Amino acid sequence: MPYAVGSVFIIDPLYTLPLLLGVLLALAMRQGRGIAWARAALVVSTAYLAWGVAAQQIATRQMLASAPVPHLTPEQLLVTPAPFNTVLWRAVAVTPTHYYEGYYSLLDGDRPVRWTTHVRGADLYARYRDHPLVDRVARFSHGFFKMSEAAGGDVFITDLRMGNEPTYSFHFNLGTPAEMAAGQRAATLQMQRPDLATALPWLWKRMWGADVVLAAPAPPQGRTP
């Protein structure tokens, strides 16, 4: 059963750089002073991890206070840091039929969270829940997933935890219903990449509390060539 706190992004320079600096100083000095620098770097990075947990709790309270649906439970809410920082936080809330995405910066003050609403594909899940990959993604994501169907008929399942709407890292093409039923085609990963020229400026402004909306590209559809 996978478990994670999710209080630090997978790449965060504020965690990595102090450790790297401490290691380099320890290697350069090779004496007691270098070891002292390495220990200090470890203390700083560990303190940053502790700060991430505290900031996550602050963001979670704000997300629940501005919940997109009544009576939202903590189990229905995922709160994780946006890339490269612990100031801006992304949340995904799920119900049986919909999921909601919202962002909160610690510099937003008391401004309510703006949520976007999306259909989860409950009818597709009811139809294909016994498919091995559908069952695996549903369990591995702890319920934070969606299913969709492209115009060409291909069925997709997407892990909502890594990425943002509508671009996700784990977006699987299961094939057409006929192919799924016959087992004729292996599922393929179709990673959806954001437009960094748009996403990075938005991330910087939103992190500092600006009330700006990310204009994301439409997700790719259809089969992988």
# chains A, B, ... in the order shown; residues from 1 in each chain; ligands from 1

$ select_by_dssp --residues "segment 49-206 of chain A" --states "alpha helix (DSSP H)" --output "count of residues only"
50

$ closest_atom_pairs --of "segment 61-98 of chain A" --to "segment 6-11 of chain A" --cutoff "9 Å" --atoms "only C-alpha atoms" --output "CSV"
residue,atom,partner,partner_atom,distance
A:Leu78,CA,A:Gly6,CA,8.9
A:Val79,CA,A:Gly6,CA,7.7
A:Thr80,CA,A:Gly6,CA,5.7
A:Pro81,CA,A:Phe9,CA,5.7
A:Ala82,CA,A:Phe9,CA,6.8
A:Pro83,CA,A:Phe9,CA,5.8
A:Phe84,CA,A:Ile11,CA,5.9
A:Asn85,CA,A:Phe9,CA,7.1
A:Thr86,CA,A:Val8,CA,6.7

$ residues_around --residues "Leu196 of chain A" --least-positions-apart "3" --cutoff "12 Å" --atoms "only C-alpha atoms" --output "count of residues only"
13

$ select_by_dssp --residues "segment 19-181 of chain A" --states "strand (DSSP E or B)" --output "MDAnalysis selection string"
chainID A and resid 77:81 88:94 98:105 115:119 145:149 155:159 163:164 167:168 171:175

$ closest_atom_pairs --of "segment 8-91 of chain A" --to "segment 108-127 of chain A" --cutoff "10 Å" --atoms "only C-alpha atoms" --output "CSV"
residue,atom,partner,partner_atom,distance
A:Gln62,CA,A:Val113,CA,7.8
A:Met63,CA,A:Val113,CA,6.7
A:Leu64,CA,A:Val113,CA,9.5
A:Ala65,CA,A:Pro112,CA,8.4
A:Ser66,CA,A:Val113,CA,5.8
A:Ala67,CA,A:Val113,CA,8.1
A:Pro68,CA,A:Trp115,CA,6.6
A:Val87,CA,A:Asp108,CA,9.9
A:Leu88,CA,A:Asp108,CA,9.3
A:Ala91,CA,A:Trp115,CA,9.0

$ closest_residue --among "A:Arg90, A:Arg39, A:Arg33, A:His98" --to "Thr60 of chain A" --atoms "only C-alpha atoms"
A:Arg90

$ atom_distance --atom1 "atom CA of Thr73 of chain A" --atom2 "atom CA of Met162 of chain A"
21.0 Å

$ closest_residue --among "A:Thr16, A:Leu174, A:Ala151, A:Val92" --to "Glu75 of chain A" --atoms "only C-alpha atoms"
A:Val92

$ atom_distance --atom1 "atom CA of Thr46 of chain A" --atom2 "atom CA of Tyr15 of chain A"
8.1 Å

$ closest_residue --among "A:Ile58, A:Leu106, A:Leu133, A:Val69" --to "Gly209 of chain A" --atoms "only C-alpha atoms"
A:Leu106

$ atom_distance --atom1 "atom CA of Gly183 of chain A" --atom2 "atom CA of Phe145 of chain A"
22.4 Å

$ closest_residue --among "A:Leu189, A:Ala150, A:Arg129, A:Pro13" --to "Ser169 of chain A" --atoms "only C-alpha atoms"
A:Leu189

$ closest_residue --among "A:Gly52, A:Leu72, A:Ala4, A:Val44" --to "Gly22 of chain A" --atoms "only C-alpha atoms"
A:Val44

$ closest_residue --among "A:Phe156, A:Phe170, A:Trp89, A:Tyr103" --to "Gln57 of chain A" --atoms "only C-alpha atoms"
A:Trp89
